[in-house]
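Data first, discussion second: the structure below is written as structure tokens.
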Amino acid sequence: MDPGILGAARPGLPPDRDRPWWDVGVTETTPTRTPFHDLDAYVALPRLASLTLSPDGTRLVTGVSTLDEDDTRYVTALWEVDPAGERPARRLTRGAKGESQARFTPAGELLFVAARPDAGNDADDDVPALWTLPAGGGEAHVLARHPGGVEGVRPAETGATVVVQGSALPRAYDLGEESRLRKERKDKKVSAILHAGYPVRYWDHDLGPAAPKLYTLRLGEGGAVVPTDVAAAADEPLELHDLTPDARTHLVETSHDVAADGSFLVTEWVVPEGRGSQRVDLVRVDVGTGERTTLLAADEDVEYSSPRISPDGRSLVYVHEVRSTAERAPVPTLRLLDLASGESRRLGEDWDRWPGPVRWLPDGSGLLMTADDDGRAPVFHVDVATGAVTRLTQDGAFSDLVVAPDGTAAYALRSSYAHPAEVVRIDLSSLAEGTAEVTVLRGPVARPELPGTLREVETTTADGVRVRSWLALPDGASAETPAPLLLWIHGGPLGSWNAWSWRWNPWLMVAEGYAVLLPDPALSTGYGQDMIQRGWGRWGFEPFTDLMAATDAAVALPEVDESRTAAMGGSFGGYMANWVAGHTDRFRAIVTHASLWALDSFGPTTDVSYYWSREMSPEMQEVNSPHRSVADIRTPMLVIHGDKDYRVPVGEGLRLWFELLSASGLPQAEDGSTAHRFLYFPDENHWVLTPQHAKIWYQVVLAFLAEHVLGEESRELPELLG
């Protein structure tokens with residue numbers, strides 16, 4: 001979780017529209033400036049996401065997000081990358097509102113989802129449609145539309161089947177009726193939703209009245225897009241056939257996979273189980289008939305997710321999860337299901353990590369998988385016959401794996417806290433030896449220069465447990481000029497600091513002279529199940545003492561100033577920041593973003609209360625709730641919250657703010673003024689994503705830290721004055 005960036009003008013420097021603020025008054029002794037020293041330069045850095053590979057293995061396509069002309073939002077364009085690493089990347093699309101969901105058809109034509117005007121029809125260009133870009137070049141044209149917008153697309157690897165996701169109203173019996181009902185609702189300005197079940201919202205958006213359905217469309221022979229005439233295609237998009245007509249809320253926030261020949265798919269299927277709870281089954285849907293068969297039925301102890309069908313269509317890999325309780329952490333494991341016999345077996349019996357996304361090798365002999373591991377997210381090979389798991393890569397966090405059709409290579413996005421995502425090739429020729437050489441390809445974005453260096457810090461806790469952290473140090477930090485320390489606590493809590501984040505980015509703080517500590521305490525992934533269980537239901541205990549041990553190890557370094565420290569975090573990291581504030585006075589300032597404050601009120605008001613109720617027993621809430629220590633808070637706190645945050649509702653931030661003012665132990669002036677601050681975003685969500693709000697987020701955070709940690713005068717922030 002995190003927002004964007006900072007770059008407020010330094011106090012005392014005159015504005016100069018022709019020069020960046022950091023260049024005004026620069027002398028020869030000024031350290032090298034990077035994009036992280038200037039807010040506008042940072043926000044303008046392009047960001048990579050997603051990866052897809054053509055059926056012949058000759059074309060990689062990735063998405064590159066950049067600022068629009070008003071600097072108010074990010075727009076994603078599709079770029080082609082040469083898998084051989086010889087040709088430079090080239091841009092494929094230029095839609096004003098961007099493109100997403102890039103996928104290749106079996107014939108090599110590129111499908112994507114976009115909201116853009118389409119000459120020759122009066123369709124609402126605010127509604128995303130399915131578009132196609134011919135393999136040999138030419139203009140893109142609409143392939144299919146849905147009145148509620150196309151939300152996802154997955155073509156089969158062979159054949160003519162394309163599965164499309166779109167959300168439909170429950171009363172609509174076909175897409176024509178869907179259009180009529182939506183128009184009536186829009187014209188009458190009706191936004192009300194009558195719910196009959198749970199949940200009613202998710203992260204940052206309301207659920208209903210429409211809910212996802214899966215549809216199919218048929219391409220031509222060999223998976224070629226038809227009709228070939230562009231004008232005809234613009235007037236007559238291909239027809240969508242409803243594959244799941246009885247789906248109500250069964251496909252909300254689910255994933256699915258399509259068999260290579262397009263004959264069937266397997267999807268997660270949400271089933272209500274009473275008392276506001278739900279479970280997730282895995283079901284098989286026949287593409288020709290729509291017949292649905294339950295493959296794996298969840299119960300009160302287990303549920304299932306992440307289906308991936310083998311190349312021959314005979315097996316299914318999936319995640320089997322033992323559901324959490326107040327005493328037991330969830331236990332996800334990778335399983336293989338024989339679709340003919342129904343027999344299932346575990347893969348990786350001796351592998352103590354949580355499985356991540358998997359991809360089949362073309363011959364079906366094994367899988368490639370990413371998973372958190374010791375501050376990284378490497379690529380692993382899973383041998384299907386033996387179940388053995390072997391780590392193939394070392395440094396970095398890998399994502400968006402795709403495998404070459406001949407199985408000699410895979411491609412991925414790789415990042416770390418040393419660099420943002422970049423496109424890489426993973427050589428699989430030495431798979432038998434358990435090694436894989438990684439090569440950076442000629443992608444569309446270069447690595448930005450950093451304002452410091454990255455290292456690892458390890459410590460052993462009082463109960464003998466190893467805790468590791470990343471430490472980002474500013475250039476010039478030394479025993480003679482030690483840097484103030486910023487402890488940054490990750491969210492989750494089931495996660496790890498292992499991949500570059502544009503939202504929680506430590507280098508913006510490093511550019512301001514801070515050393516930033518990114519620890520993985522108890523409850524973090526990447527160590528194994530025991531480390532998660534160690535903190536389960538004990539949020540204020542081992543996670544807290546691990547964080548303090550990591551901080552002790554950092555301030556013991558000569559490059560770090562123990563006398564000038566601060567702590568911050570968001571979501572669960574914000575919870576921990578609140579807990580830290582009530583249980584130690586060692587920090588000069590604390591920043592808490594989108595944070596849990598009173599667990600008894602958070603549990604019933606979050607978007608997925610049934611999940612948290614499994615872990616948060618009344619006893620757990622009583623012992624671990626930060627609000628019970630408000631009187632012991634004597635450290636200035638900056639509270640940040642967005643009103644559209646449904647995971648940690650804004651009521652948590654509002655209650656925290658009032659109780660800080662009315663009951664904390666920090667002295668107040670006679671006029672009631674306080675050192676605490678509250679930054680509120682009426683139209684932002686859990687993360688605060690829009691570029692200009694992200695800038696304000698960092699402006700306020702760094703101004704608050706500068707005042708209380710560095711002893712500077714309070715910085716003026718004219719953008720926030722009423």
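Every chain in the structure tokens takes a letter, A first, then B, and so on in the order presented; its residues are numbered from 1, and the ligands are numbered from 1 following the presented order.
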Please produce, as a tab-separated table, a per-residue contact table for segment 246-364 of chain A versus segment 377-391 of chain A (criterion: any atom at most 7 Å away, only C-alpha atoms considered), showing the nearest atom pair and its distance in Å to one decimal, sorted by chain then residue number.
residue	atom	partner	partner_atom	distance
A:Leu347	CA	A:Gly387	CA	4.3
A:Gly348	CA	A:Gly387	CA	5.0
A:Trp351	CA	A:Val389	CA	6.6
Counting only C-alpha atoms, what is within 7 Å of Ala511 of chain A, bar same-chain residues fewer than 6 positions away, as a CSV table (one decimal) with C-alpha atoms, in the first residue's frame?
chain,number,residue,atom,x,y,z
A,36,PHE,CA,13.7,10.8,-6.7
A,37,HIS,CA,14.8,14.3,-5.7
A,451,PRO,CA,20.0,8.4,-4.7
A,474,PRO,CA,21.5,7.7,1.1
Who sits within 10 Å of Ala135 of chain A, only C-alpha atoms, same chain under 5 positions skipped, as an NGL selection string: :A and (54 or 104-105 or 107-110 or 224-225)
Can those selected residues be exported to a file as a short mmCIF file (atom, residue, chain, number, x, y, z; two decimals), in the first residue's frame so that it contains N, CA and C atoms?
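Contents of out33.cif, as written:
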data_model
loop_
_atom_site.label_atom_id
_atom_site.label_comp_id
_atom_site.auth_asym_id
_atom_site.auth_seq_id
_atom_site.Cartn_x
_atom_site.Cartn_y
_atom_site.Cartn_z
N SER A 54 3.37 -14.15 -27.95
CA SER A 54 2.66 -14.66 -29.12
C SER A 54 2.82 -16.18 -29.24
N PHE A 104 -2.76 -12.74 -27.14
CA PHE A 104 -2.65 -13.13 -28.55
C PHE A 104 -3.64 -14.24 -28.88
N THR A 105 -4.21 -14.18 -30.09
CA THR A 105 -5.01 -15.28 -30.61
C THR A 105 -4.06 -16.36 -31.15
N ALA A 107 -3.76 -17.27 -34.05
CA ALA A 107 -3.24 -16.80 -35.33
C ALA A 107 -2.26 -15.65 -35.17
N GLY A 108 -1.99 -15.22 -33.97
CA GLY A 108 -1.00 -14.18 -33.73
C GLY A 108 -1.53 -12.77 -33.74
N GLU A 109 -2.86 -12.61 -33.77
CA GLU A 109 -3.43 -11.27 -33.70
C GLU A 109 -3.57 -10.86 -32.23
N LEU A 110 -3.38 -9.59 -31.96
CA LEU A 110 -3.36 -9.11 -30.59
C LEU A 110 -4.73 -8.60 -30.19
N ALA A 224 -8.16 -17.29 -36.37
CA ALA A 224 -8.04 -16.01 -37.07
C ALA A 224 -9.23 -15.13 -36.75
N VAL A 225 -9.00 -13.84 -36.64
CA VAL A 225 -10.08 -12.90 -36.38
C VAL A 225 -10.90 -12.72 -37.65
#
DSSP helix (DSSP H, G or I) residues within segment 150-316 of chain A, as a ChimeraX atom specification: /A:175-187,221-223,230-235
Å distance separating atom CA of Ile193 of chain A from atom CA of Leu207 of chain A, one decimal place: 8.7 Å
